[in-house]
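Below is target.tsv, which holds TSV, C-alpha atoms.
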```
chain	number	residue	atom	x	y	z
A	1	MET	CA	5.62	-21.34	65.28
A	2	GLN	CA	9.22	-22.19	64.69
A	3	GLY	CA	9.76	-25.09	62.31
A	4	PRO	CA	12.92	-27.00	61.58
A	5	PRO	CA	15.24	-25.51	58.99
A	6	ILE	CA	14.27	-26.54	55.52
A	7	ALA	CA	17.21	-28.46	54.31
A	8	GLU	CA	15.99	-28.86	50.73
A	9	TYR	CA	16.24	-25.17	50.02
A	10	ASP	CA	19.59	-24.66	51.66
A	11	HIS	CA	21.87	-26.30	49.16
A	12	PRO	CA	25.47	-25.29	49.54
A	13	PRO	CA	26.62	-23.22	46.59
A	14	GLY	CA	27.84	-25.31	43.71
A	15	ALA	CA	25.87	-28.38	44.73
A	16	ASP	CA	24.33	-28.62	41.31
A	17	SER	CA	27.43	-27.63	39.40
A	18	GLY	CA	27.42	-30.97	37.59
A	19	ARG	CA	23.94	-30.50	36.16
A	20	ALA	CA	22.91	-29.10	32.85
A	21	ASP	CA	22.40	-25.37	32.63
A	22	SER	CA	18.73	-25.71	31.75
A	23	MET	CA	18.18	-27.47	35.05
A	24	SER	CA	19.97	-24.75	36.99
A	25	LEU	CA	17.34	-22.20	35.93
A	26	LEU	CA	14.58	-24.36	37.41
A	27	ASN	CA	16.62	-25.01	40.52
A	28	HIS	CA	17.25	-21.31	40.89
A	29	LEU	CA	13.51	-20.72	40.67
A	30	MET	CA	12.83	-23.42	43.22
A	31	ARG	CA	15.35	-22.10	45.69
A	32	ASN	CA	14.88	-18.38	45.38
A	33	THR	CA	11.43	-17.76	46.71
A	34	LEU	CA	10.45	-14.59	48.51
A	35	ASP	CA	11.93	-16.05	51.65
A	36	GLU	CA	15.27	-14.67	50.68
A	37	ASP	CA	14.08	-11.16	51.39
A	38	TYR	CA	12.62	-12.15	54.71
A	39	ALA	CA	15.78	-14.07	55.56
A	40	TYR	CA	17.91	-11.11	54.58
A	41	VAL	CA	15.94	-8.67	56.69
A	42	ALA	CA	15.87	-11.11	59.60
A	43	GLU	CA	19.60	-11.61	59.29
A	44	GLN	CA	20.25	-7.88	59.28
A	45	ARG	CA	18.05	-7.46	62.27
A	46	GLY	CA	19.72	-10.40	63.98
A	47	ALA	CA	23.07	-8.84	63.31
A	48	ALA	CA	21.83	-5.59	64.85
A	49	SER	CA	20.34	-7.72	67.65
A	50	GLU	CA	16.97	-6.01	67.35
A	51	PRO	CA	13.85	-7.87	68.39
A	52	PRO	CA	11.53	-8.76	65.52
A	53	ARG	CA	9.13	-5.94	64.80
A	54	ARG	CA	5.64	-6.71	65.92
A	55	LYS	CA	3.88	-3.39	65.65
A	56	GLY	CA	3.62	-2.38	61.97
A	57	TYR	CA	0.74	-4.32	60.51
A	58	VAL	CA	-0.68	-1.49	58.42
A	59	GLY	CA	0.99	-2.75	55.27
A	60	LEU	CA	-0.19	-6.29	55.95
A	61	VAL	CA	-3.78	-5.17	56.41
A	62	VAL	CA	-3.72	-2.96	53.33
A	63	ALA	CA	-2.15	-5.70	51.21
A	64	THR	CA	-4.55	-8.38	52.37
A	65	VAL	CA	-7.56	-6.12	51.88
A	66	VAL	CA	-6.35	-5.34	48.39
A	67	PHE	CA	-5.76	-9.03	47.79
A	68	GLY	CA	-9.29	-9.90	48.90
A	69	LEU	CA	-10.66	-7.14	46.78
A	70	MET	CA	-8.76	-8.41	43.76
A	71	LEU	CA	-9.98	-11.95	44.34
A	72	ALA	CA	-13.58	-10.83	44.61
A	73	VAL	CA	-13.38	-8.57	41.57
A	74	ALA	CA	-11.67	-11.21	39.47
A	75	ALA	CA	-14.28	-13.76	40.49
A	76	ILE	CA	-17.12	-11.37	39.70
A	77	GLN	CA	-15.56	-10.43	36.41
A	78	THR	CA	-15.12	-14.05	35.34
A	79	ASP	CA	-18.65	-14.80	36.45
A	80	ARG	CA	-20.00	-11.86	34.48
A	81	SER	CA	-18.22	-12.74	31.31
A	82	ARG	CA	-19.36	-16.34	31.45
A	83	PRO	CA	-22.88	-15.81	30.02
A	84	ALA	CA	-21.39	-13.71	27.24
A	85	LEU	CA	-18.88	-16.45	26.47
A	86	GLU	CA	-21.58	-19.10	26.54
A	87	GLU	CA	-23.70	-17.00	24.25
A	88	GLU	CA	-20.80	-16.47	21.93
A	89	ARG	CA	-20.07	-20.16	21.86
A	90	ALA	CA	-23.72	-21.03	21.22
A	91	GLY	CA	-23.79	-18.44	18.49
A	92	LEU	CA	-20.69	-19.92	16.92
A	93	ILE	CA	-22.15	-23.41	17.05
A	94	GLU	CA	-25.33	-22.14	15.48
A	95	ARG	CA	-23.35	-20.41	12.78
A	96	ILE	CA	-21.37	-23.57	12.14
A	97	HIS	CA	-24.60	-25.50	11.69
A	98	GLU	CA	-26.01	-22.82	9.46
A	99	GLN	CA	-22.91	-22.63	7.33
A	100	SER	CA	-22.78	-26.39	7.14
A	101	ASP	CA	-26.38	-26.48	5.95
A	102	ASP	CA	-25.60	-23.75	3.47
A	103	PHE	CA	-22.61	-25.70	2.31
A	104	ASP	CA	-24.68	-28.84	1.75
A	105	GLN	CA	-27.27	-26.83	-0.09
A	106	LEU	CA	-24.68	-25.13	-2.25
A	107	ARG	CA	-23.03	-28.43	-3.00
A	108	ALA	CA	-26.35	-29.89	-4.12
A	109	GLN	CA	-26.92	-26.78	-6.16
A	110	SER	CA	-23.47	-27.10	-7.63
A	111	ALA	CA	-24.14	-30.69	-8.67
A	112	GLU	CA	-27.43	-29.61	-10.21
A	113	LEU	CA	-25.78	-26.77	-12.05
A	114	THR	CA	-23.04	-29.08	-13.28
A	115	LEU	CA	-25.71	-31.25	-14.87
A	116	ASP	CA	-27.30	-28.14	-16.34
A	117	VAL	CA	-23.97	-27.01	-17.70
A	118	ARG	CA	-23.43	-30.39	-19.28
A	119	ALA	CA	-26.87	-30.32	-20.89
A	120	LEU	CA	-26.34	-26.78	-22.11
A	121	GLN	CA	-22.91	-27.73	-23.43
A	122	ALA	CA	-24.55	-30.48	-25.46
A	123	ASP	CA	-27.09	-27.93	-26.70
A	124	VAL	CA	-24.29	-25.57	-27.62
A	125	ASP	CA	-22.51	-28.30	-29.55
A	126	GLU	CA	-25.68	-29.13	-31.41
A	127	LEU	CA	-26.45	-25.49	-32.10
A	128	THR	CA	-22.91	-24.85	-33.27
A	129	GLU	CA	-23.22	-27.72	-35.68
A	130	ARG	CA	-26.60	-26.47	-36.85
A	131	GLY	CA	-25.20	-22.95	-37.14
A	132	ALA	CA	-22.37	-24.23	-39.30
A	133	ARG	CA	-24.88	-26.11	-41.47
A	134	VAL	CA	-27.16	-23.09	-41.73
A	135	SER	CA	-24.36	-20.69	-42.55
A	136	GLY	CA	-23.07	-23.14	-45.14
A	137	ARG	CA	-26.53	-23.25	-46.64
A	138	ALA	CA	-26.81	-19.47	-46.43
A	139	GLU	CA	-23.59	-19.21	-48.38
A	140	GLN	CA	-24.86	-21.62	-50.99
A	141	LEU	CA	-28.10	-19.70	-51.29
A	142	GLY	CA	-26.25	-16.41	-51.18
A	143	VAL	CA	-24.23	-17.39	-54.21
A	144	VAL	CA	-27.48	-18.05	-56.05
A	145	THR	CA	-29.38	-15.00	-54.76
A	146	GLY	CA	-26.48	-12.62	-55.04
A	147	THR	CA	-25.80	-11.74	-51.44
A	148	PHE	CA	-22.49	-13.64	-51.53
A	149	PRO	CA	-19.68	-13.03	-53.98
A	150	ALA	CA	-19.16	-15.97	-56.33
A	151	VAL	CA	-15.82	-17.23	-57.62
A	152	GLY	CA	-15.37	-19.89	-60.26
A	153	PRO	CA	-14.92	-20.69	-63.90
A	154	GLY	CA	-17.30	-19.34	-66.48
A	155	MET	CA	-17.46	-17.06	-69.47
A	156	VAL	CA	-16.98	-13.38	-70.12
A	157	VAL	CA	-19.20	-11.74	-72.76
A	158	THR	CA	-18.11	-8.32	-73.94
A	159	VAL	CA	-20.60	-6.34	-75.99
A	160	ASP	CA	-20.39	-2.80	-77.31
A	161	ASP	CA	-22.01	-0.42	-79.70
A	162	ALA	CA	-21.21	-0.72	-83.40
A	163	ALA	CA	-17.83	0.75	-84.39
A	164	GLU	CA	-19.25	3.42	-86.67
A	165	SER	CA	-22.24	4.53	-84.77
A	166	ALA	CA	-25.18	4.13	-87.10
A	167	GLY	CA	-27.49	6.17	-84.94
A	168	HIS	CA	-29.99	4.39	-82.78
A	169	GLN	CA	-29.66	1.06	-84.53
A	170	GLY	CA	-25.98	0.57	-83.80
A	171	GLN	CA	-26.41	0.94	-80.03
A	172	VAL	CA	-26.75	-1.80	-77.45
A	173	LEU	CA	-30.19	-1.45	-75.90
A	174	ASP	CA	-31.29	-2.44	-72.45
A	175	SER	CA	-33.53	-5.04	-74.02
A	176	ASP	CA	-30.48	-6.54	-75.73
A	177	LEU	CA	-28.73	-6.88	-72.38
A	178	ARG	CA	-31.87	-8.42	-70.83
A	179	THR	CA	-31.93	-10.93	-73.64
A	180	LEU	CA	-28.24	-11.70	-73.09
A	181	VAL	CA	-28.62	-12.18	-69.33
A	182	ASN	CA	-31.71	-14.35	-69.70
A	183	GLY	CA	-29.92	-16.42	-72.30
A	184	LEU	CA	-27.02	-16.94	-69.88
A	185	TRP	CA	-29.46	-18.05	-67.17
A	186	VAL	CA	-30.99	-20.51	-69.59
A	187	ALA	CA	-27.52	-21.76	-70.53
A	188	GLY	CA	-26.90	-22.69	-66.87
A	189	ALA	CA	-25.10	-19.66	-65.45
A	190	GLU	CA	-25.11	-19.55	-61.65
A	191	ALA	CA	-24.07	-15.94	-61.06
A	192	ILE	CA	-23.95	-13.02	-63.44
A	193	SER	CA	-22.67	-9.46	-63.23
A	194	ILE	CA	-22.65	-6.61	-65.73
A	195	ASN	CA	-19.77	-4.14	-65.30
A	196	GLY	CA	-19.45	-5.21	-61.68
A	197	GLN	CA	-23.19	-5.02	-60.92
A	198	ARG	CA	-24.48	-8.33	-59.67
A	199	ILE	CA	-27.66	-9.55	-61.28
A	200	THR	CA	-30.08	-10.75	-58.61
A	201	SER	CA	-33.75	-11.57	-58.58
A	202	ARG	CA	-34.42	-7.92	-57.78
A	203	THR	CA	-32.21	-6.40	-60.43
A	204	ALA	CA	-33.79	-4.29	-63.10
A	205	ILE	CA	-32.05	-3.64	-66.38
A	206	GLY	CA	-33.54	-0.48	-67.77
A	207	SER	CA	-32.56	2.72	-69.44
A	208	ALA	CA	-32.54	6.28	-68.39
A	209	ASN	CA	-31.32	9.27	-70.37
A	210	ARG	CA	-30.08	7.01	-73.20
A	211	ALA	CA	-27.87	5.07	-70.77
A	212	ILE	CA	-28.45	1.56	-69.62
A	213	THR	CA	-28.98	1.20	-65.87
A	214	VAL	CA	-28.43	-1.96	-63.86
A	215	ASN	CA	-29.36	-1.87	-60.18
A	216	PHE	CA	-30.22	1.79	-60.83
A	217	ARG	CA	-26.61	2.56	-61.80
A	218	SER	CA	-25.88	4.00	-65.20
A	219	LEU	CA	-23.36	1.94	-67.13
A	220	GLN	CA	-20.92	2.99	-69.80
A	221	PRO	CA	-20.14	0.73	-72.75
A	222	PRO	CA	-18.47	-1.60	-73.30
A	223	TYR	CA	-20.64	-3.91	-71.26
A	224	VAL	CA	-18.68	-6.78	-69.75
A	225	VAL	CA	-20.98	-9.58	-68.66
A	226	ARG	CA	-19.37	-12.15	-66.40
A	227	ALA	CA	-21.23	-15.43	-65.88
A	228	ILE	CA	-20.10	-18.27	-63.65
A	229	GLY	CA	-21.08	-21.72	-64.79
A	230	ASP	CA	-19.78	-24.96	-66.18
A	231	PRO	CA	-16.89	-23.89	-68.45
A	232	ASN	CA	-17.34	-26.97	-70.64
A	233	THR	CA	-20.98	-26.39	-71.52
A	234	LEU	CA	-21.87	-22.78	-70.73
A	235	GLU	CA	-20.67	-21.15	-73.92
A	236	ALA	CA	-21.94	-23.90	-76.21
A	237	ARG	CA	-25.34	-23.99	-74.58
A	238	PHE	CA	-25.60	-20.21	-74.71
A	239	PHE	CA	-25.28	-20.21	-78.49
A	240	GLU	CA	-28.01	-22.82	-78.66
A	241	THR	CA	-30.47	-20.54	-76.92
A	242	ALA	CA	-32.66	-18.03	-78.65
A	243	ALA	CA	-30.70	-15.25	-76.98
A	244	GLY	CA	-27.48	-16.52	-78.47
A	245	GLN	CA	-29.06	-16.55	-81.88
A	246	THR	CA	-30.46	-13.07	-81.36
A	247	TRP	CA	-27.03	-11.74	-80.48
A	248	LEU	CA	-25.41	-13.42	-83.46
A	249	ASP	CA	-28.03	-11.69	-85.61
A	250	LEU	CA	-27.38	-8.36	-83.92
A	251	GLU	CA	-23.68	-8.78	-84.55
A	252	ALA	CA	-24.25	-9.71	-88.18
A	253	ASN	CA	-26.96	-7.19	-89.03
A	254	PHE	CA	-26.20	-4.13	-86.94
A	255	GLY	CA	-22.45	-4.43	-86.39
A	256	LEU	CA	-22.66	-4.65	-82.58
A	257	GLN	CA	-19.49	-5.90	-81.04
A	258	PHE	CA	-20.01	-9.30	-79.40
A	259	ASP	CA	-17.14	-11.36	-77.96
A	260	THR	CA	-17.36	-14.42	-75.78
A	261	GLU	CA	-14.53	-16.05	-73.90
A	262	THR	CA	-14.45	-18.98	-71.51
A	263	VAL	CA	-12.16	-18.35	-68.51
A	264	ASP	CA	-10.90	-20.59	-65.72
A	265	SER	CA	-11.59	-18.21	-62.90
A	266	LEU	CA	-13.61	-15.07	-62.51
A	267	THR	CA	-15.21	-13.23	-59.64
A	268	VAL	CA	-18.74	-11.92	-59.46
A	269	PRO	CA	-19.25	-9.42	-56.60
A	270	ALA	CA	-22.05	-9.55	-54.07
A	271	ARG	CA	-24.93	-7.16	-53.89
A	272	ASN	CA	-26.45	-6.01	-50.63
A	273	ALA	CA	-29.76	-7.80	-50.30
A	274	GLY	CA	-31.46	-4.69	-48.96
A	275	GLN	CA	-34.79	-5.05	-47.28
A	276	LEU	CA	-36.64	-8.17	-48.19
A	277	ARG	CA	-40.28	-7.85	-49.18
A	278	TYR	CA	-42.81	-10.55	-48.52
A	279	ALA	CA	-46.05	-11.26	-50.26
A	280	ASP	CA	-49.10	-10.62	-48.12
A	281	ASP	CA	-52.55	-12.08	-48.70
A	282	THR	CA	-54.48	-9.62	-46.51
A	283	PRO	CA	-56.09	-6.95	-48.71
A	284	GLN	CA	-54.87	-3.46	-47.98
A	285	VAL	CA	-57.69	-1.24	-46.84
A	286	THR	CA	-57.19	2.21	-48.29
A	287	GLN	CA	-59.32	5.08	-47.25
B	1	MET	CA	-5.35	-13.42	62.31
B	2	ILE	CA	-5.21	-9.81	61.21
B	3	ALA	CA	-4.32	-11.01	57.73
B	4	ALA	CA	-7.31	-13.37	57.61
B	5	LEU	CA	-9.58	-10.55	58.76
B	6	GLY	CA	-8.13	-8.21	56.15
B	7	LEU	CA	-8.66	-10.82	53.44
B	8	LEU	CA	-12.24	-11.39	54.55
B	9	LEU	CA	-12.87	-7.63	54.65
B	10	GLY	CA	-11.48	-7.23	51.15
B	11	VAL	CA	-13.63	-10.03	49.74
B	12	ILE	CA	-16.76	-8.68	51.41
B	13	VAL	CA	-16.13	-5.14	50.20
B	14	GLY	CA	-15.45	-6.45	46.71
B	15	LEU	CA	-18.63	-8.53	46.61
B	16	LEU	CA	-20.74	-5.72	48.01
B	17	LEU	CA	-19.41	-2.88	45.89
B	18	GLU	CA	-18.76	-4.90	42.73
B	19	PRO	CA	-16.37	-2.26	41.44
B	20	ASN	CA	-16.04	-2.06	37.69
B	21	VAL	CA	-12.56	-2.72	36.42
B	22	PRO	CA	-11.65	-0.51	33.47
B	23	VAL	CA	-11.72	-2.51	30.27
B	24	GLU	CA	-8.03	-1.83	29.57
B	25	LEU	CA	-7.04	-3.35	32.91
B	26	GLN	CA	-9.27	-6.42	32.74
B	27	PRO	CA	-6.79	-8.72	31.00
B	28	TYR	CA	-4.18	-8.04	33.72
B	29	LEU	CA	-6.34	-8.74	36.75
B	30	PRO	CA	-6.03	-12.56	36.71
B	31	ILE	CA	-2.26	-12.45	36.37
B	32	ALA	CA	-2.09	-9.85	39.15
B	33	VAL	CA	-4.14	-12.14	41.37
B	34	VAL	CA	-1.71	-15.02	40.77
B	35	ALA	CA	1.24	-12.73	41.56
B	36	ALA	CA	-0.49	-11.58	44.74
B	37	LEU	CA	-1.08	-15.21	45.65
B	38	ASP	CA	2.65	-15.82	45.37
B	39	ALA	CA	3.40	-12.88	47.70
B	40	VAL	CA	0.78	-14.07	50.18
B	41	PHE	CA	2.14	-17.60	50.33
B	42	GLY	CA	5.65	-16.23	50.65
B	43	GLY	CA	4.50	-14.10	53.55
B	44	LEU	CA	2.75	-17.05	55.15
B	45	ARG	CA	5.85	-19.14	54.90
B	46	ALA	CA	7.97	-16.35	56.38
B	47	PHE	CA	5.46	-16.05	59.19
B	48	LEU	CA	5.78	-19.75	59.90
B	49	ASP	CA	9.57	-19.44	59.71
B	50	GLY	CA	9.39	-16.63	62.19
B	51	THR	CA	11.00	-14.16	59.84
B	52	PHE	CA	7.87	-12.31	58.77
B	53	ASP	CA	8.31	-8.62	58.20
B	54	ASP	CA	5.48	-6.26	57.46
B	55	LYS	CA	7.46	-3.99	55.16
B	56	VAL	CA	8.94	-6.82	53.15
B	57	PHE	CA	5.51	-8.35	52.69
B	58	THR	CA	3.86	-5.10	51.61
B	59	VAL	CA	6.61	-4.23	49.18
B	60	SER	CA	6.75	-7.72	47.72
B	61	PHE	CA	2.98	-7.85	47.38
B	62	PHE	CA	2.60	-4.62	45.43
B	63	SER	CA	5.77	-5.06	43.39
B	64	ASN	CA	4.62	-8.57	42.40
B	65	VAL	CA	1.23	-7.28	41.31
B	66	PHE	CA	2.56	-4.37	39.32
B	67	ILE	CA	5.49	-6.17	37.74
B	68	SER	CA	3.42	-9.14	36.62
B	69	ALA	CA	0.75	-6.87	35.15
B	70	PHE	CA	3.42	-4.74	33.51
B	71	ILE	CA	5.15	-7.77	31.95
B	72	VAL	CA	1.86	-8.95	30.46
B	73	TYR	CA	1.10	-5.43	29.26
B	74	LEU	CA	4.51	-5.28	27.63
B	75	GLY	CA	3.86	-8.68	26.04
B	76	ASP	CA	0.55	-7.43	24.66
B	77	GLN	CA	2.28	-4.44	23.14
B	78	LEU	CA	4.92	-6.70	21.57
B	79	GLY	CA	2.35	-9.22	20.34
B	80	VAL	CA	3.53	-12.01	22.63
B	81	GLY	CA	1.07	-11.37	25.46
B	82	ASN	CA	-0.14	-14.95	25.66
B	83	GLN	CA	3.38	-16.41	25.75
B	84	LEU	CA	4.52	-13.98	28.41
B	85	SER	CA	1.38	-14.63	30.46
B	86	THR	CA	2.16	-18.33	30.31
B	87	GLY	CA	5.76	-17.69	31.35
B	88	VAL	CA	4.74	-15.53	34.31
B	89	ILE	CA	2.16	-18.10	35.42
B	90	VAL	CA	4.76	-20.90	35.23
B	91	VAL	CA	7.32	-19.00	37.28
B	92	LEU	CA	4.81	-17.86	39.88
B	93	GLY	CA	3.28	-21.32	39.97
B	94	ILE	CA	6.63	-22.93	40.75
B	95	ARG	CA	7.26	-20.42	43.55
B	96	ILE	CA	3.78	-20.92	44.96
B	97	PHE	CA	4.24	-24.67	45.00
B	98	ALA	CA	7.65	-24.35	46.64
B	99	ASN	CA	6.25	-22.02	49.31
B	100	VAL	CA	3.24	-24.22	49.92
B	101	ALA	CA	5.53	-27.22	50.27
B	102	ALA	CA	7.50	-25.37	52.93
B	103	ILE	CA	4.29	-24.35	54.72
B	104	ARG	CA	3.13	-27.95	54.63
B	105	ARG	CA	6.35	-29.07	56.27
B	106	HIS	CA	5.85	-26.51	59.00
B	107	ILE	CA	2.28	-27.43	59.74
B	108	LEU	CA	2.38	-31.18	59.28
B	109	HIS	CA	6.07	-31.68	60.06
B	110	ALA	CA	6.22	-33.92	57.04
```
Would you put the structure from the file into C-alpha cells?
Amino acid sequence: MQGPPIAEYDHPPGADSGRADSMSLLNHLMRNTLDEDYAYVAEQRGAASEPPRRKGYVGLVVATVVFGLMLAVAAIQTDRSRPALEEERAGLIERIHEQSDDFDQLRAQSAELTLDVRALQADVDELTERGARVSGRAEQLGVVTGTFPAVGPGMVVTVDDAAESAGHQGQVLDSDLRTLVNGLWVAGAEAISINGQRITSRTAIGSANRAITVNFRSLQPPYVVRAIGDPNTLEARFFETAAGQTWLDLEANFGLQFDTETVDSLTVPARNAGQLRYADDTPQVTQ
Amino acid sequence: MIAALGLLLGVIVGLLLEPNVPVELQPYLPIAVVAALDAVFGGLRAFLDGTFDDKVFTVSFFSNVFISAFIVYLGDQLGVGNQLSTGVIVVLGIRIFANVAAIRRHILHA
C-alpha cells in the first residue's frame, strides 16, 4: 500500500528558523519519528538498487510476540493490583473516619478537661488563700506556743546569786525562777526565754545536781530572762504582781541580784514542739 | 498478517501462563509497553509507506523497551522517577500520535 508522500513531515531545513527555540524541540519531536530509520535504510537500499527484503520476518514475529506478552502481563498485573489498591483505599477511608471520630472525641474531652482545669484552678486559688490564712494563724499561734521565734519589744530580767554566797540562802532556786516566769505571764508577757531556752506550755523548770534545768538543760547563772510584751506596761505590771513583790523581797532580804530593763527589741528563740500528746478518754486496760 | 498473528500469540501465551514479573521490574513494565507501542506504530507506518524493514523494526522495538525502562530506572535511583516517567510518556505519546496520524492518512487518504 503506497500512500502519497506526507508533506507535513518533510519540511525543508530551516523552515521553522523564525520560531522560538522551545517550539523547535516539539517540532523536532514531531518530525523525527522512527520513520527516519526506515527511510534511511530504504534509501541505502534504493541507492544499492536492491529489492526490498521480504524474507526475514523472524525479528518481527519475536517482537510482536514479546509485545503481546508484555501487554497481557501488564494487563494482568494491573488487574491483580486493583483489589489491593481498592482495599488500601477503603482502609484509608476507614482510618480517616476513625481518626476523625477520635479527633471529635478528643476535642470534646479537651473541652471537658478545660472546664475541669478551670474548676481546679479556682480550687487552687481558694486553697492557696486558705493556706496563707492557716499559715498566718499557725505563725500567730506558734509565737504563743513557742514553736516560732518571737521578735519584739519587752523587758530583760537578769537575776543571779548573791554576791557573797551565803550558802543555800543566797542562791537562786528553781522555784524562784518559776515565780519570776509566772509573774511575767501574769504581767502580760507573750513569749519568754531563760538563757535562750524558750518557755512553752511543756517546759519544766526544775533542778538537778544543784543546777537549775529548763527544758532539761542545765543553766549557769546569771539567769537572763527575756520577755516580749507591751514595753509601756510590762515592767510596771510585773512589779504589781505577787511575783514582783516576792523578788523585791528576795533582793532585799537575801541579796540576790535582780535587774530589770525595758528594751525596744529582743528576740526569743523557738523551741521544737516535739511530739504532741493528746488527752484520751478511753481507760487504758493494763494486764 | 504475521505481525497480527504474533501479537495474538503473545497475548494468548501471556494470559494462559500468567508469568510473574519480578517485583523489581514491575514499575518499568507499563513504560516499556508504551515504548513498545511507539515502535509498533512506527513499524506500521513504515509498512504502509512501503519502507518496512524487519531488522530496523526489531532493533527499534527492543531498544525502545530497554531504553525507556532504563531511563525510568535511572530516574528512580536519582529520586526523580515520576518526573522522568512523565517525560518519557510525553515524548513517546507525541511520536505515537504523529505516527498514527500518518497511518490515518494512508488508510483514509485524509
Which residues of chain B have any atom within 6 Å of an atom in chain A when counting all atoms listed in the file, and what is the closest pair of atoms for each, with the distance in Å to one decimal? Order the rows by chain and rising number and write it as JSON lines.
```
{"residue": "B:Ala3", "atom": "CA", "partner": "A:Thr64", "partner_atom": "CA", "distance": 6.0}
{"residue": "B:Gly6", "atom": "CA", "partner": "A:Val65", "partner_atom": "CA", "distance": 4.8}
{"residue": "B:Leu7", "atom": "CA", "partner": "A:Gly68", "partner_atom": "CA", "distance": 4.7}
{"residue": "B:Gly10", "atom": "CA", "partner": "A:Gly68", "partner_atom": "CA", "distance": 4.1}
{"residue": "B:Val11", "atom": "CA", "partner": "A:Gly68", "partner_atom": "CA", "distance": 4.4}
{"residue": "B:Gly14", "atom": "CA", "partner": "A:Leu69", "partner_atom": "CA", "distance": 4.8}
{"residue": "B:Leu15", "atom": "CA", "partner": "A:Ala72", "partner_atom": "CA", "distance": 5.9}
{"residue": "B:Gly42", "atom": "CA", "partner": "A:Leu34", "partner_atom": "CA", "distance": 5.5}
{"residue": "B:Leu48", "atom": "CA", "partner": "A:Met1", "partner_atom": "CA", "distance": 5.6}
{"residue": "B:Asp49", "atom": "CA", "partner": "A:Gln2", "partner_atom": "CA", "distance": 5.7}
{"residue": "B:Thr51", "atom": "CA", "partner": "A:Tyr38", "partner_atom": "CA", "distance": 5.7}
{"residue": "B:Asp54", "atom": "CA", "partner": "A:Leu60", "partner_atom": "CA", "distance": 5.9}
{"residue": "B:Thr58", "atom": "CA", "partner": "A:Gly59", "partner_atom": "CA", "distance": 5.2}
{"residue": "B:Arg95", "atom": "CA", "partner": "A:Thr33", "partner_atom": "CA", "distance": 5.9}
{"residue": "B:His106", "atom": "CA", "partner": "A:Gly3", "partner_atom": "CA", "distance": 5.3}
```
Selection above as a file: C-alpha atoms, as a PDB file, keeping the file's coordinate frame:
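Wrote it out as out_9.pdb, contents follow:
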```pdb
ATOM      1  CA  ALA B   3      -4.320 -11.010  57.730  1.00  0.00           C
ATOM      2  CA  GLY B   6      -8.130  -8.210  56.150  1.00  0.00           C
ATOM      3  CA  LEU B   7      -8.660 -10.820  53.440  1.00  0.00           C
ATOM      4  CA  GLY B  10     -11.480  -7.230  51.150  1.00  0.00           C
ATOM      5  CA  VAL B  11     -13.630 -10.030  49.740  1.00  0.00           C
ATOM      6  CA  GLY B  14     -15.450  -6.450  46.710  1.00  0.00           C
ATOM      7  CA  LEU B  15     -18.630  -8.530  46.610  1.00  0.00           C
ATOM      8  CA  GLY B  42       5.650 -16.230  50.650  1.00  0.00           C
ATOM      9  CA  LEU B  48       5.780 -19.750  59.900  1.00  0.00           C
ATOM     10  CA  ASP B  49       9.570 -19.440  59.710  1.00  0.00           C
ATOM     11  CA  THR B  51      11.000 -14.160  59.840  1.00  0.00           C
ATOM     12  CA  ASP B  54       5.480  -6.260  57.460  1.00  0.00           C
ATOM     13  CA  THR B  58       3.860  -5.100  51.610  1.00  0.00           C
ATOM     14  CA  ARG B  95       7.260 -20.420  43.550  1.00  0.00           C
ATOM     15  CA  HIS B 106       5.850 -26.510  59.000  1.00  0.00           C
TER      16      HIS B 106
END
```
> Can you find the residues with an atom no farther than 12 Å from (-23.3, -6.3, -50.2), counting all atoms listed in the file, and report them as an MDAnalysis selection string?
Replying inline: chainID A and resid 142:143 145:149 197:198 200 268:275
Please, could you write that set of residues out with C-alpha atoms as a PDB file, in the coordinates of the input?
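This is the output file again_14.pdb:
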```pdb
ATOM      1  CA  GLY A 142     -26.250 -16.410 -51.180  1.00  0.00           C
ATOM      2  CA  VAL A 143     -24.230 -17.390 -54.210  1.00  0.00           C
ATOM      3  CA  THR A 145     -29.380 -15.000 -54.760  1.00  0.00           C
ATOM      4  CA  GLY A 146     -26.480 -12.620 -55.040  1.00  0.00           C
ATOM      5  CA  THR A 147     -25.800 -11.740 -51.440  1.00  0.00           C
ATOM      6  CA  PHE A 148     -22.490 -13.640 -51.530  1.00  0.00           C
ATOM      7  CA  PRO A 149     -19.680 -13.030 -53.980  1.00  0.00           C
ATOM      8  CA  GLN A 197     -23.190  -5.020 -60.920  1.00  0.00           C
ATOM      9  CA  ARG A 198     -24.480  -8.330 -59.670  1.00  0.00           C
ATOM     10  CA  THR A 200     -30.080 -10.750 -58.610  1.00  0.00           C
ATOM     11  CA  VAL A 268     -18.740 -11.920 -59.460  1.00  0.00           C
ATOM     12  CA  PRO A 269     -19.250  -9.420 -56.600  1.00  0.00           C
ATOM     13  CA  ALA A 270     -22.050  -9.550 -54.070  1.00  0.00           C
ATOM     14  CA  ARG A 271     -24.930  -7.160 -53.890  1.00  0.00           C
ATOM     15  CA  ASN A 272     -26.450  -6.010 -50.630  1.00  0.00           C
ATOM     16  CA  ALA A 273     -29.760  -7.800 -50.300  1.00  0.00           C
ATOM     17  CA  GLY A 274     -31.460  -4.690 -48.960  1.00  0.00           C
ATOM     18  CA  GLN A 275     -34.790  -5.050 -47.280  1.00  0.00           C
TER      19      GLN A 275
END
```
> Using all atoms listed in the file, which residues sit within 7 Å of B:Ala32 once same-chain residues fewer than 4 positions away are excluded, as a list of chain:residue names?
Replying inline: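 The neighbour list is B:Tyr28, B:Ala36, B:Val65, B:Ser68, B:Ala69.
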Would you list the residues near (-15.5, -14.3, -65.1), meaning any protein, DNA or RNA residue with an atom at most 10 Å from that point in file coordinates, counting all atoms listed in the file, as a compact mmCIF listing (two decimals) with C-alpha atoms, keeping the file's coordinate frame?
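Written output follows (part.txt):
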```txt
# COMPACT_ATOMS: atom_id res chain seq x y z
CA ALA A 150 -19.16 -15.97 -56.33
CA VAL A 151 -15.82 -17.23 -57.62
CA GLY A 152 -15.37 -19.89 -60.26
CA PRO A 153 -14.92 -20.69 -63.90
CA GLY A 154 -17.30 -19.34 -66.48
CA MET A 155 -17.46 -17.06 -69.47
CA VAL A 156 -16.98 -13.38 -70.12
CA VAL A 157 -19.20 -11.74 -72.76
CA ALA A 191 -24.07 -15.94 -61.06
CA ILE A 192 -23.95 -13.02 -63.44
CA SER A 193 -22.67 -9.46 -63.23
CA VAL A 224 -18.68 -6.78 -69.75
CA VAL A 225 -20.98 -9.58 -68.66
CA ARG A 226 -19.37 -12.15 -66.40
CA ALA A 227 -21.23 -15.43 -65.88
CA ILE A 228 -20.10 -18.27 -63.65
CA GLY A 229 -21.08 -21.72 -64.79
CA GLU A 261 -14.53 -16.05 -73.90
CA THR A 262 -14.45 -18.98 -71.51
CA VAL A 263 -12.16 -18.35 -68.51
CA ASP A 264 -10.90 -20.59 -65.72
CA SER A 265 -11.59 -18.21 -62.90
CA LEU A 266 -13.61 -15.07 -62.51
CA THR A 267 -15.21 -13.23 -59.64
CA VAL A 268 -18.74 -11.92 -59.46
```
